[in-house]
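Worksheet: the structure to be examined is printed underneath.
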Amino acid sequence: MSKNHILETVALSHRFDISKPWLQRLFSREPRRYLRAVDNVSFRIETGTTFALVGESGCGKSTIARLAVGLYEPTEGDIVFEGQNLATARAQPAIRRRMNMIFQDPYASLNPRWRVRDIIAEPIRAFALASRPNETAARVGALLAQVGLAVSDGEKYPHEFSGGQRQRISIARALASEPDFLVCDEPTSALDVSVQAQILNLMRDLQRRLGLTYLFISHNLAVVRHMADQLGVMYLGRIVESGPAETIFARPLHPYTRLLLDAIPDLDNIGRARTAVGGELPNPITPPPGCPFNPRCPLATDRCRTEKPAHTAAGDVLVACHAVQEGRLG
Amino acid sequence: MPLLDVRNLTVEFPTRRGVLRALDDISFNIEAGEVLGMVGESGAGKSLTGVSIVGLLERPGRIAGGQILLDGSRIDNLAAEPLRRIRGRRIGMIFQDPLTTLNPLYTIGRQLTETMQTHLPLSDADARKKAIAWLDRVGIPAAAQRIDAYPHEFSGGQRQRVVIALALCAEPALVIADEPTTALDVSIQAQIITLLKDLTRHQQTAVMLITHDMGVIAETADRVAVMYAGRIAEIGPVAQVIRSPAHPYTEGLMQSIPSLDQRVERLRQIDGSMPRLDALPAGCRFNPRCPQAFDRCRTDMPALMDAGATRAACWLHA
């Protein structure tokens with residue numbers, strides 16, 4: 001792994017045990033059942049850039065977010081953070097301090113009984129980053145100012161703020177431990193568009209100023225387009241296409257990426273009907289054999305229905321699709 | 001005569017600390033076969049407008065002024081029973097979450113036939129036949145078998161299809177769709193919007209489409225009303241409102257949406273947030289956030305006025 005990659009995942013897989021309780025299983029003679037939420041995912045994130053994962057609900061993007069900060073342990077594969085395996089490195093506070101997470105719902109991720117200054121000061125105290133109490137207070141004040149809030153806002157409780165302001169508080173808290181790497185799981189999905197713009201601008205400003213690296217997770221392709229340097233498109237636990245965001249948006253290869261881009265309602269499409277694509281996401285407990293996208297794919301052949309496509313390089317984009325490989329793409 | 005005519009609608013919520021005016025002097029109309037989009041940020045009053053029209057406003061909220069006319073006759077002052085007959089028969093409703101709209105204890109067939117038989121004179125056999133036809137029309141595969149399934153046996157997208165069938169099966173003249181695709185994934189969203197559009201066009205149904213997604217509005221609506229803090233900020237044909245907005249709020253809203261076509265360094269943002277109902281500013285409600293506000297905006301409340309191709313509540317056009 002080269003030096004300037006802050007995070008790398010190698011053949012990462014995660015499965016959830018969704019078996020019925022032991023006794024029930026015993027009576028109905030059912031085997032254990034697993035849901036493979038993340039299936040053999042590999043990507044690397046260059047320091048100071050944004051890697052975005054995009055996909056529909058249930059595709060495994062939030063599971064990857066949780067794996068990346070060590071909230072879940074991978075079933076198979078490794079996560080390497082600055083050359084160290086996260087499974088062992090997470091025991092060191094020095095490593096934990098350097099990664100943090102921003103969650104989707106700013107209403108659920110802040111403790112309603114704590115004052116904002118205590119919420120933001122918690123990581124500072126937990127990692128003992130300040131030696132004196134007034135040093136902590138000064139840091140909290142600086143963090144509040146950094147995310148565009150007033151120092152006096154620290155005395156208030158979360159319920160006194162709007163959704164966008166709460167997300168600013170979440171960002172201040174995430175920055176309190178002076179991290180290099182932030183995992184942002186749908187940070188603006190719960191916000192209105194005009195507020196979303198404020199938060200996205202703030203996140204880009206902070207990235208430039210502090211040299212942050214983002215793993216940015218979203219279902220909204222327009223937001224991802226605004227934020228991402230590198231992009232991974234996920235479908236049923238697998239990355240089906242990954243590479244520089246500009247390239248993928250300009251020339252999407254995988255039929256699913258094309259479907260997603262076509263399906264987005266766009267302001268330029270006034271009165272124009274969209275390409276409605278048939279079918280729905282299959283049940284991830286029983287994924288279809290072969291390529292997971294084959295039941296909805298207009299280009300599917302017998303090979304797609306039996307053989308799982310491997311990732312092949314097409315320029316600087318990696319894509320897992322037989323049709324692309326065989327040059328059958330229209 | 002427009003099918004739905006809302007005139008100076010005002011809705012208030014009395015609270016211990018005074019009366020909150022959640023909708024203030026809202027006027028608009030919808031013709032038969034027309035789709036009117038309603039956009040705005042959460043709390044702007046879009047859903048409340050829909051709820052007031054169908055008479056499902058919950059206490060202590062009350063209509064404090066104005067009139068709602070359906071086909072020329074008032075429906076805002078009706079008693080519960082006649083209103084119930086209008087709801088479902090003349091006005092259909094589609095809500096955001098298909099799981100809470102459907103009764104989990106009844107098969108979808110029973111819910112469809114019950115709805116139709118409440119409003120239309122149909123025998124049991126005819127109602128069932130029509131229910132199957134409706135499920136088929138909204139794109140449920142193997143409708144004749146699936147009719148006896150329960151809501152939980154369907155996926156999210158299919159459930160929303162059933163909800164659409166339920167809303168349209170009594171052939172209402174007006175459909176109020178409140179965020180019908182927000183809970184769905186993008187690839188399913190397109191299917192549902194296309195379906196809703198085709199069916200309502202076919203039946204010449206008037207549609208009030210409430211959403212925060214400008215993209216959905218752009219593709220679906222004929223006209224659009226932009227709401228801000230309980231008032232209509234701008235209303236007009238969808239192309240004009242999107243391409244050449246007259247109200248500074250609409251303009252800011254359009255520019256704050258990230259585009260798929262190009263990546264910009266910074267998104268245009270509207271600083272601040274929408275005022276709370278108990279702390280509304282004097283004058284135009286947008287004035288504290290408006291980059292073009294002048295003295296009159298801080299004292300006088302603007303009404304909708306002609307502003308080129310649209311109508312905007314903004315003193316810039318006085």
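Identifiers for the structure tokens are assigned positionally: chains receive A, B, ... in sequence, residues are indexed from 1 per chain, and ligands are indexed from 1 in the order shown.
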- Message: When DSSP is applied to the backbone of this structure, which of segment 159-188 of chain B are assigned helix (DSSP H, G or I)? Write them out as an MDAnalysis selection string.
- Response: chainID B and resid 159:168 186:188
- Surrounding residues of segment 162-172 of chain B excluding itself and chain neighbours under 4 positions, 6 Å, only C-alpha atoms, as JSON, numbers by chain: {"B": [89, 90, 91, 92, 93, 112, 116, 134]}
- Message: Taking only C-alpha atoms into account, find every residue of chain B that has an atom no more than 8 Å from chain A, and write it out as a PyMOL selection string.
- Response: chain B and resi 41-42+157+185-191+194+212+214-216+218-222+238-239+242+252-253+256-260+263-264+266-271+273
- Å distance separating atom CA of Leu36 of chain B from atom CA of Ala318 of chain B, one decimal place: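 Answer for the atom CA of Leu36 of chain B to atom CA of Ala318 of chain B separation: 25.4 Å.
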- Message: I want to know what sits within 12 Å of Pro298 of chain A, based on only C-alpha atoms, with residues of the same chain fewer than 3 positions away left out; could you give that as a ChimeraX atom specification?
- Response: /A:254-256,258-259,277-279,293-295,301,304,323,328-330
Tell me which protein, DNA and RNA residues are within 12 Å of segment 312-314 of chain B, counting only C-alpha atoms, leaving out same-chain ones fewer than 3 positions away, and put them as a tab-separated table (two decimals) with C-alpha atoms, in the first residue's frame.
chain	number	residue	atom	x	y	z
B	25	ASP	CA	-53.81	33.61	3.17
B	26	ILE	CA	-53.12	30.76	0.75
B	27	SER	CA	-54.87	31.02	-2.64
B	224	VAL	CA	-45.73	24.80	-9.16
B	225	ALA	CA	-46.37	26.70	-5.93
B	226	VAL	CA	-43.36	27.45	-3.73
B	227	MET	CA	-44.22	27.77	-0.06
B	228	TYR	CA	-42.27	29.56	2.63
B	231	ARG	CA	-47.34	31.53	2.64
B	232	ILE	CA	-47.02	31.01	-1.09
B	233	ALA	CA	-43.85	32.78	-2.18
B	234	GLU	CA	-44.25	32.13	-5.88
B	235	ILE	CA	-46.62	30.29	-8.18
B	236	GLY	CA	-46.48	29.75	-11.91
B	240	GLN	CA	-40.70	29.54	-15.72
B	241	VAL	CA	-40.45	29.02	-11.96
B	244	SER	CA	-36.41	32.22	-14.33
B	245	PRO	CA	-37.67	32.43	-10.76
B	246	ALA	CA	-39.02	35.82	-9.71
B	247	HIS	CA	-38.82	35.41	-5.93
B	248	PRO	CA	-35.34	35.54	-4.34
B	249	TYR	CA	-36.26	32.52	-2.22
B	250	THR	CA	-37.14	30.41	-5.26
B	251	GLU	CA	-33.95	31.55	-6.92
B	283	GLY	CA	-42.91	42.38	6.71
B	284	CYS	CA	-41.92	39.71	4.22
B	285	ARG	CA	-41.17	36.46	6.03
B	286	PHE	CA	-38.09	35.89	3.92
B	287	ASN	CA	-36.54	39.32	4.50
B	290	CYS	CA	-33.01	37.79	1.52
B	292	GLN	CA	-32.12	41.85	-1.96
B	293	ALA	CA	-34.27	43.01	0.97
B	294	PHE	CA	-34.93	46.73	1.30
B	296	ARG	CA	-40.35	48.08	2.58
B	297	CYS	CA	-39.66	44.31	2.89
B	298	ARG	CA	-39.04	44.77	6.62
B	300	ASP	CA	-45.00	45.46	4.73
B	301	MET	CA	-46.07	41.92	3.92
B	302	PRO	CA	-46.18	41.43	0.13
B	303	ALA	CA	-49.14	39.62	-1.50
B	304	LEU	CA	-48.80	37.62	-4.71
B	305	MET	CA	-48.32	39.98	-7.64
B	306	ASP	CA	-47.56	39.57	-11.33
B	307	ALA	CA	-43.84	39.04	-11.90
B	308	GLY	CA	-43.30	38.28	-15.55
B	309	ALA	CA	-44.44	34.74	-16.33
B	317	HIS	CA	-42.04	43.29	-8.55
B	318	ALA	CA	-44.32	45.98	-7.19
- Message: Which residues are close to segment 10-12 of chain A, i.e. within 8 Å by only C-alpha atoms, leaving aside same-chain residues fewer than 4 positions away? Reply as a list in words.
- Response: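 What passes the distance filter is Val38, Asp39, Asn40, Val41, Ser42, Phe43, Pro74, Thr75, Glu76, Gly77, Asp78, Ile79 and Val80 of chain A.
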- Item | For Ser189 of chain A, the nearest of the candidates A:Leu7, A:Leu253, A:Leu71, A:Ile217, counting only C-alpha atoms |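 Closest to Ser189 of chain A, using only C-alpha atoms: A:Ile217.
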- Task: Check the DSSP output for the backbone and give back, as a PyMOL selection string, the residues of segment 118-247 of chain B in strand (DSSP E or B).
- Result: chain B and resi 174-178+206-210+223-228+231-237
Include C-alpha atoms and write out the residues we just selected as a CSV table (one decimal), in the first residue's frame.
chain,number,residue,atom,x,y,z
B,174,LEU,CA,-58.7,15.3,-7.3
B,175,VAL,CA,-55.8,13.4,-5.9
B,176,ILE,CA,-53.6,14.8,-3.2
B,177,ALA,CA,-50.2,13.0,-3.2
B,178,ASP,CA,-48.1,13.9,-0.2
B,206,ALA,CA,-56.4,16.9,-11.0
B,207,VAL,CA,-53.3,16.3,-8.9
B,208,MET,CA,-51.8,18.2,-6.0
B,209,LEU,CA,-48.3,16.8,-5.7
B,210,ILE,CA,-46.6,17.8,-2.5
B,223,ARG,CA,-47.6,24.5,-12.4
B,224,VAL,CA,-45.7,24.8,-9.2
B,225,ALA,CA,-46.4,26.7,-5.9
B,226,VAL,CA,-43.4,27.5,-3.7
B,227,MET,CA,-44.2,27.8,-0.1
B,228,TYR,CA,-42.3,29.6,2.6
B,231,ARG,CA,-47.3,31.5,2.6
B,232,ILE,CA,-47.0,31.0,-1.1
B,233,ALA,CA,-43.8,32.8,-2.2
B,234,GLU,CA,-44.2,32.1,-5.9
B,235,ILE,CA,-46.6,30.3,-8.2
B,236,GLY,CA,-46.5,29.8,-11.9
B,237,PRO,CA,-45.8,27.4,-14.8
